[in-house]
Amino acid sequence: PGARERALAFGADLALDPADPGFAAAVLEATGGRGLDVAFDFAGVPAVREQAATALCRGGSLVLAGLTPQPLTVTDGTRFSWNRNQIRGHYGSSPEHVEQLIRLAAAGRLDLTPSITGHLPLAEAEEAVHRLENKIGDPIRLVLTP
């Protein structure tokens, strides 16, 4: 629920509950029966990827931004191929991407403050990772301070 509330606060038109049994029908209703042109997986969770793949329209793409060592599986390969769907990987953590974010934030074009859910001293980096891994306190980003 917190992630959906944040999405709406950041300007999303719609934020659906992926655990809702009516999720697929709600996607079709919201897209006029078409499905999604692009679905982004930022979680790196197989169930998220599978659900996203099934919500794509004909010619739609699934973009994998969430990292995971777990295998990627398309359970309905016939449907996926018939619809001419695509899977694309994205890794936006190169130095130039960080520089782009800094420039956008410095120019006032990107406000990252709503996504910062806490500050911890650098000495507590292990605790910060623990909170993120275990979703303690519904974290988005934790900033380590010297």
# chains A, B, ... in the order shown; residues from 1 in each chain; ligands from 1
>>> residues_around(residues="range 74-88 of chain A", least_positions_apart="2", cutoff="9 Å", atoms="only C-alpha atoms", output="ChimeraX atom specification")
/A:49-50,53-54,56-65,72,90
>>> write_last_selection(atoms="N, CA, C and O atoms", output="compact mmCIF listing (two decimals), in the first residue's frame")
# COMPACT_ATOMS: atom_id res chain seq x y z
N ARG A 49 7.93 -10.28 -12.44
CA ARG A 49 8.24 -10.36 -13.87
C ARG A 49 7.17 -11.14 -14.62
O ARG A 49 6.76 -10.77 -15.70
N GLU A 50 6.76 -12.25 -14.05
CA GLU A 50 5.73 -13.08 -14.70
C GLU A 50 4.42 -12.32 -14.84
O GLU A 50 3.80 -12.32 -15.89
N ALA A 53 4.78 -9.66 -17.52
CA ALA A 53 4.80 -10.23 -18.87
C ALA A 53 3.39 -10.57 -19.34
O ALA A 53 3.06 -10.38 -20.51
N THR A 54 2.54 -11.03 -18.44
CA THR A 54 1.18 -11.40 -18.84
C THR A 54 0.29 -10.18 -19.05
O THR A 54 -0.79 -10.31 -19.63
N LEU A 56 1.23 -7.49 -20.77
CA LEU A 56 1.67 -6.75 -21.96
C LEU A 56 0.68 -6.87 -23.11
O LEU A 56 0.04 -7.90 -23.30
N CYS A 57 0.61 -5.81 -23.90
CA CYS A 57 -0.18 -5.82 -25.12
C CYS A 57 0.63 -6.47 -26.23
O CYS A 57 1.81 -6.80 -26.06
N ARG A 58 0.02 -6.63 -27.38
CA ARG A 58 0.74 -7.15 -28.55
C ARG A 58 1.87 -6.17 -28.89
O ARG A 58 1.64 -4.98 -29.02
N GLY A 59 3.10 -6.68 -28.96
CA GLY A 59 4.25 -5.84 -29.24
C GLY A 59 4.82 -5.14 -28.02
O GLY A 59 5.77 -4.37 -28.12
N GLY A 60 4.27 -5.43 -26.84
CA GLY A 60 4.73 -4.78 -25.61
C GLY A 60 6.07 -5.31 -25.12
O GLY A 60 6.51 -6.39 -25.50
N SER A 61 6.72 -4.52 -24.29
CA SER A 61 8.05 -4.86 -23.78
C SER A 61 8.07 -4.90 -22.25
O SER A 61 7.45 -4.07 -21.60
N LEU A 62 8.82 -5.85 -21.75
CA LEU A 62 9.10 -5.96 -20.32
C LEU A 62 10.53 -5.50 -20.12
O LEU A 62 11.45 -6.05 -20.71
N VAL A 63 10.73 -4.46 -19.31
CA VAL A 63 12.06 -3.92 -19.05
C VAL A 63 12.47 -4.35 -17.65
O VAL A 63 11.80 -4.05 -16.67
N LEU A 64 13.60 -5.06 -17.58
CA LEU A 64 14.10 -5.57 -16.32
C LEU A 64 15.15 -4.62 -15.77
O LEU A 64 16.27 -4.55 -16.27
N ALA A 65 14.77 -3.87 -14.75
CA ALA A 65 15.70 -2.95 -14.09
C ALA A 65 16.12 -3.50 -12.73
O ALA A 65 17.20 -3.21 -12.24
N LEU A 72 15.41 -16.27 -15.29
CA LEU A 72 14.28 -15.62 -15.93
C LEU A 72 13.49 -16.68 -16.68
O LEU A 72 14.05 -17.43 -17.48
N HIS A 90 18.01 -3.56 -18.36
CA HIS A 90 18.49 -2.19 -18.15
C HIS A 90 19.32 -2.16 -16.88
O HIS A 90 18.93 -2.70 -15.85
>>> residues_around(residues="Gly92 in chain A", least_positions_apart="6", cutoff="12 Å", atoms="only C-alpha atoms", output="list in words")
Phe42, Val63, Leu64, Ala65, Gly66, Leu67, Val98, Glu99, Gln100 and Leu101 of chain A
>>> select_by_dssp(residues="range 104-141 of chain A", states="alpha helix (DSSP H)", output="list in words")
Leu104, Ala105, Ala106, Ala125, Glu126, Glu127, Ala128, Val129, His130, Arg131, Leu132 and Glu133 of chain A
>>> write_last_selection(atoms="N, CA and C atoms", output="PDB file, in the first residue's frame")
ATOM      1  N   LEU A 104      20.403  16.660 -13.043  1.00  0.00           N
ATOM      2  CA  LEU A 104      18.960  16.908 -13.018  1.00  0.00           C
ATOM      3  C   LEU A 104      18.506  17.446 -11.662  1.00  0.00           C
ATOM      4  N   ALA A 105      19.032  16.860 -10.588  1.00  0.00           N
ATOM      5  CA  ALA A 105      18.675  17.330  -9.248  1.00  0.00           C
ATOM      6  C   ALA A 105      19.196  18.741  -9.012  1.00  0.00           C
ATOM      7  N   ALA A 106      20.428  19.012  -9.434  1.00  0.00           N
ATOM      8  CA  ALA A 106      21.020  20.343  -9.243  1.00  0.00           C
ATOM      9  C   ALA A 106      20.261  21.405 -10.030  1.00  0.00           C
ATOM     10  N   ALA A 125      26.146   1.393   8.123  1.00  0.00           N
ATOM     11  CA  ALA A 125      25.856   0.929   6.760  1.00  0.00           C
ATOM     12  C   ALA A 125      25.272  -0.484   6.762  1.00  0.00           C
ATOM     13  N   GLU A 126      25.796  -1.333   7.615  1.00  0.00           N
ATOM     14  CA  GLU A 126      25.286  -2.706   7.686  1.00  0.00           C
ATOM     15  C   GLU A 126      23.805  -2.711   8.095  1.00  0.00           C
ATOM     16  N   GLU A 127      23.445  -1.849   9.025  1.00  0.00           N
ATOM     17  CA  GLU A 127      22.049  -1.725   9.458  1.00  0.00           C
ATOM     18  C   GLU A 127      21.182  -1.214   8.311  1.00  0.00           C
ATOM     19  N   ALA A 128      21.694  -0.265   7.524  1.00  0.00           N
ATOM     20  CA  ALA A 128      20.942   0.270   6.389  1.00  0.00           C
ATOM     21  C   ALA A 128      20.644  -0.835   5.379  1.00  0.00           C
ATOM     22  N   VAL A 129      21.649  -1.653   5.074  1.00  0.00           N
ATOM     23  CA  VAL A 129      21.453  -2.763   4.137  1.00  0.00           C
ATOM     24  C   VAL A 129      20.428  -3.743   4.700  1.00  0.00           C
ATOM     25  N   HIS A 130      20.508  -4.024   5.994  1.00  0.00           N
ATOM     26  CA  HIS A 130      19.552  -4.915   6.655  1.00  0.00           C
ATOM     27  C   HIS A 130      18.123  -4.379   6.512  1.00  0.00           C
ATOM     28  N   ARG A 131      17.944  -3.087   6.736  1.00  0.00           N
ATOM     29  CA  ARG A 131      16.612  -2.476   6.610  1.00  0.00           C
ATOM     30  C   ARG A 131      16.084  -2.580   5.184  1.00  0.00           C
ATOM     31  N   LEU A 132      16.952  -2.334   4.207  1.00  0.00           N
ATOM     32  CA  LEU A 132      16.530  -2.416   2.811  1.00  0.00           C
ATOM     33  C   LEU A 132      16.187  -3.849   2.421  1.00  0.00           C
ATOM     34  N   GLU A 133      17.052  -4.787   2.776  1.00  0.00           N
ATOM     35  CA  GLU A 133      16.819  -6.189   2.420  1.00  0.00           C
ATOM     36  C   GLU A 133      15.543  -6.737   3.039  1.00  0.00           C
TER      37      GLU A 133
END
>>> residues_around(residues="Leu14 in chain A", least_positions_apart="4", cutoff="12 Å", atoms="only C-alpha atoms", output="NGL selection string")
:A and (3-10 or 26-27 or 29-31)
>>> write_last_selection(atoms="C-alpha atoms", output="short mmCIF file (atom, residue, chain, number, x, y, z; two decimals), in the first residue's frame")
data_model
loop_
_atom_site.label_atom_id
_atom_site.label_comp_id
_atom_site.auth_asym_id
_atom_site.auth_seq_id
_atom_site.Cartn_x
_atom_site.Cartn_y
_atom_site.Cartn_z
CA ALA A 3 4.39 2.03 -2.62
CA ARG A 4 1.05 2.62 -4.35
CA GLU A 5 0.44 5.76 -2.29
CA ARG A 6 3.90 7.06 -3.21
CA ALA A 7 3.32 6.30 -6.89
CA LEU A 8 0.12 8.34 -6.87
CA ALA A 9 1.83 11.15 -4.94
CA PHE A 10 4.59 11.21 -7.59
CA ALA A 26 -8.09 -3.84 -13.95
CA VAL A 27 -5.10 -3.49 -16.30
CA GLU A 29 -9.97 -1.83 -18.08
CA ALA A 30 -7.40 0.94 -17.55
CA THR A 31 -5.91 0.39 -21.02
#
>>> residues_around(residues="Ala52 in chain A", least_positions_apart="5", cutoff="8 Å", atoms="only C-alpha atoms", output="list of chain:residue names")
A:Ala39, A:Phe40, A:Asp41, A:Leu62
